[in-house]
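> Handing you this structure, nothing more for now.
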Amino acid sequence: MIFWTREIAGWLLVGLALYLIRMGLEFLTDFANPKIVEAGIVMLTGLGVLRIGVLLIRISAAARLCLHEQVVPIRADRPAGK
Amino acid sequence: MNSYQDFPETWQRFHEWLINITHLVVIGLVLWPLLFIESTILFPFQLSLLAALLIAVLSSNSLCVFLALQFSLFFREPRNLDVMEGITAIAYATISIALLMYVSRFRLLREKLVAKPKQQIRIGPRGHAIASAAGTNSMERMHMPSITSWVLRQLSRAIILAVLAQLVIVLPPFARNTYLNVQRSSVIESSIVYTTWFWIAILAIVIVAVEMAWRKLTSQQARLYVRAVVANHYFRDLRAITRLRRTRHKNRWIATKLRSERTQ
């Protein structure tokens, strides 16, 4: 369950990162009042959040695979019907 | 006194120091106009910035030089749109790319140039006499063609990249001259806004595809990844040791490569 929670948190962070990147691009494309420095800050933050989100997703997927590998042989060792 | 090792150690050190200083002075003289042309930054600040960059160059850190060039372009370009056009722009891009290439290979090239006079001294007049009797100059055969061809190859690459960059950069809609017109056109402005959504969607699709592919890891790969992440986050000392070993291994590899080049 903890892995799924992490995975969901990771996807939420990825969504947040995409929103931040979109906000940064919006700052750049505002021709009347371009905010270049602010865009840089927001984009960097977005990239950091994206990295953390992707890391969470990957770790949860890898940890689930490891756990699955540990659980499956134990079940296979048990006699049938127990 | 035919061997370089026979010279006093202080002389050898002075010789290497002189080569380093010459390199840094040349890089500094090239970098200065590239960074501070038409700049209003105070002279002491320019000097300190240049010194920081040269220190980065010593460790072959071309990223710092690249970022400095980008910052310089970023802050200069809006002020004067007609500063660099045509041949000037190509020359600027060529010099910048060549400088970045040089800085990224600084340590290796410096070793080669330091080794060149050593080889000359080691061969000595007798070696030259034998070489000339054989109809070839062994020192030149060993070093000059490799260095010259390397420089020529890198220079030609830099020129090709600069011309390609020029060709790409004048394509609409982000060409410098058309940028002001783009501002006035509301149709193009809205299309640019839609383009940002397009890129965000592309990014999201790429992330989802990569993460879906990630789930096809084997259990061994998954275990390795988890271990790597744990070591990375909780055992910083192990990470530092591994990095140090990797750097030493790289230095040893460079030394072996240089030695094999000299013996060939």
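Residue numbering restarts at 1 for every chain of the structure tokens, chains are lettered A, B, ... in their displayed order, and ligands are numbered from 1 as they appear.
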Neighbouring residues of Ile59 of chain A were defined as those with any atom within 12 Å, considering only C-alpha atoms; residues of the same chain fewer than 4 positions away were excluded. Please report them as a ChimeraX atom specification.
/A:2-7,9-10,52-55,63-67 /B:211,214-215,217,221-230
> For a test of reading the model, state the distance in Å between atom CA of Ala201 of chain B and atom CA of Phe74 of chain B, rounded to one decimal.
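Taking atom CA of Ala201 of chain B as the start and atom CA of Phe74 of chain B as the end point, the length is 27.4 Å.
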> Near chain B, meaning an atom within 9 Å, which residues of chain A appear when counting only C-alpha atoms? Write them as a ChimeraX atom specification.
/A:14-15,18-19,21-22,25-26,29-32,54,57-59,61-66,68-69
> How about saving the chosen residues, N, CA and C atoms kept, as an mmCIF file, in the first residue's frame?

data_model
loop_
_atom_site.group_PDB
_atom_site.id
_atom_site.type_symbol
_atom_site.label_atom_id
_atom_site.label_comp_id
_atom_site.auth_asym_id
_atom_site.auth_seq_id
_atom_site.Cartn_x
_atom_site.Cartn_y
_atom_site.Cartn_z
ATOM 1 N N VAL A 14 4.344 15.176 -10.474
ATOM 2 C CA VAL A 14 4.586 15.374 -11.906
ATOM 3 C C VAL A 14 3.560 16.347 -12.481
ATOM 4 N N GLY A 15 2.313 16.176 -12.072
ATOM 5 C CA GLY A 15 1.264 17.101 -12.527
ATOM 6 C C GLY A 15 1.562 18.530 -12.098
ATOM 7 N N LEU A 18 4.332 19.963 -14.198
ATOM 8 C CA LEU A 18 3.874 20.383 -15.529
ATOM 9 C C LEU A 18 3.125 21.716 -15.447
ATOM 10 N N TYR A 19 2.351 21.870 -14.373
ATOM 11 C CA TYR A 19 1.636 23.142 -14.182
ATOM 12 C C TYR A 19 2.631 24.299 -14.009
ATOM 13 N N ILE A 21 5.749 24.411 -15.073
ATOM 14 C CA ILE A 21 6.431 24.671 -16.348
ATOM 15 C C ILE A 21 5.529 25.465 -17.282
ATOM 16 N N ARG A 22 4.273 25.100 -17.273
ATOM 17 C CA ARG A 22 3.293 25.840 -18.097
ATOM 18 C C ARG A 22 3.224 27.297 -17.638
ATOM 19 N N LEU A 25 6.202 29.138 -18.951
ATOM 20 C CA LEU A 25 6.052 29.449 -20.380
ATOM 21 C C LEU A 25 5.066 30.598 -20.581
ATOM 22 N N GLU A 26 4.048 30.636 -19.724
ATOM 23 C CA GLU A 26 3.063 31.722 -19.809
ATOM 24 C C GLU A 26 3.738 33.070 -19.530
ATOM 25 N N THR A 29 5.546 34.058 -22.666
ATOM 26 C CA THR A 29 4.750 34.402 -23.845
ATOM 27 C C THR A 29 3.850 35.614 -23.620
ATOM 28 N N ASP A 30 3.905 36.173 -22.428
ATOM 29 C CA ASP A 30 3.150 37.406 -22.174
ATOM 30 C C ASP A 30 3.935 38.573 -22.775
ATOM 31 N N PHE A 31 3.606 38.920 -24.029
ATOM 32 C CA PHE A 31 4.420 39.914 -24.741
ATOM 33 C C PHE A 31 4.281 41.321 -24.177
ATOM 34 N N ALA A 32 3.113 41.619 -23.597
ATOM 35 C CA ALA A 32 2.905 42.966 -23.063
ATOM 36 C C ALA A 32 3.785 43.206 -21.842
ATOM 37 N N VAL A 54 9.299 12.051 -10.541
ATOM 38 C CA VAL A 54 9.743 10.898 -11.339
ATOM 39 C C VAL A 54 10.517 9.928 -10.451
ATOM 40 N N ILE A 57 8.062 7.902 -8.405
ATOM 41 C CA ILE A 57 7.372 6.894 -9.226
ATOM 42 C C ILE A 57 8.301 5.712 -9.486
ATOM 43 N N ARG A 58 9.526 6.022 -9.849
ATOM 44 C CA ARG A 58 10.476 4.962 -10.206
ATOM 45 C C ARG A 58 10.818 4.093 -8.996
ATOM 46 N N ILE A 59 11.036 4.769 -7.859
ATOM 47 C CA ILE A 59 11.379 3.997 -6.658
ATOM 48 C C ILE A 59 10.226 3.076 -6.278
ATOM 49 N N ALA A 61 7.928 1.830 -8.177
ATOM 50 C CA ALA A 61 7.810 0.720 -9.143
ATOM 51 C C ALA A 61 8.908 -0.313 -8.896
ATOM 52 N N ALA A 62 10.141 0.165 -8.693
ATOM 53 C CA ALA A 62 11.255 -0.769 -8.483
ATOM 54 C C ALA A 62 11.086 -1.538 -7.168
ATOM 55 N N ALA A 63 10.650 -0.827 -6.116
ATOM 56 C CA ALA A 63 10.481 -1.485 -4.818
ATOM 57 C C ALA A 63 9.379 -2.529 -4.891
ATOM 58 N N ARG A 64 8.320 -2.217 -5.640
ATOM 59 C CA ARG A 64 7.233 -3.195 -5.790
ATOM 60 C C ARG A 64 7.730 -4.452 -6.500
ATOM 61 N N LEU A 65 8.559 -4.242 -7.514
ATOM 62 C CA LEU A 65 9.129 -5.390 -8.232
ATOM 63 C C LEU A 65 9.989 -6.250 -7.300
ATOM 64 N N CYS A 66 10.802 -5.562 -6.483
ATOM 65 C CA CYS A 66 11.669 -6.295 -5.536
ATOM 66 C C CYS A 66 10.825 -7.091 -4.548
ATOM 67 N N HIS A 68 7.756 -8.102 -4.897
ATOM 68 C CA HIS A 68 7.062 -9.174 -5.613
ATOM 69 C C HIS A 68 7.993 -10.377 -5.769
ATOM 70 N N GLU A 69 9.249 -10.095 -6.063
ATOM 71 C CA GLU A 69 10.225 -11.171 -6.252
ATOM 72 C C GLU A 69 10.449 -11.925 -4.936
#
> For the atom pair atom CA of Val103 of chain B and atom CA of Ile254 of chain B, what is the interatomic distance in Å to one decimal place?
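Pair atom CA of Val103 of chain B / atom CA of Ile254 of chain B returns 16.1 Å.
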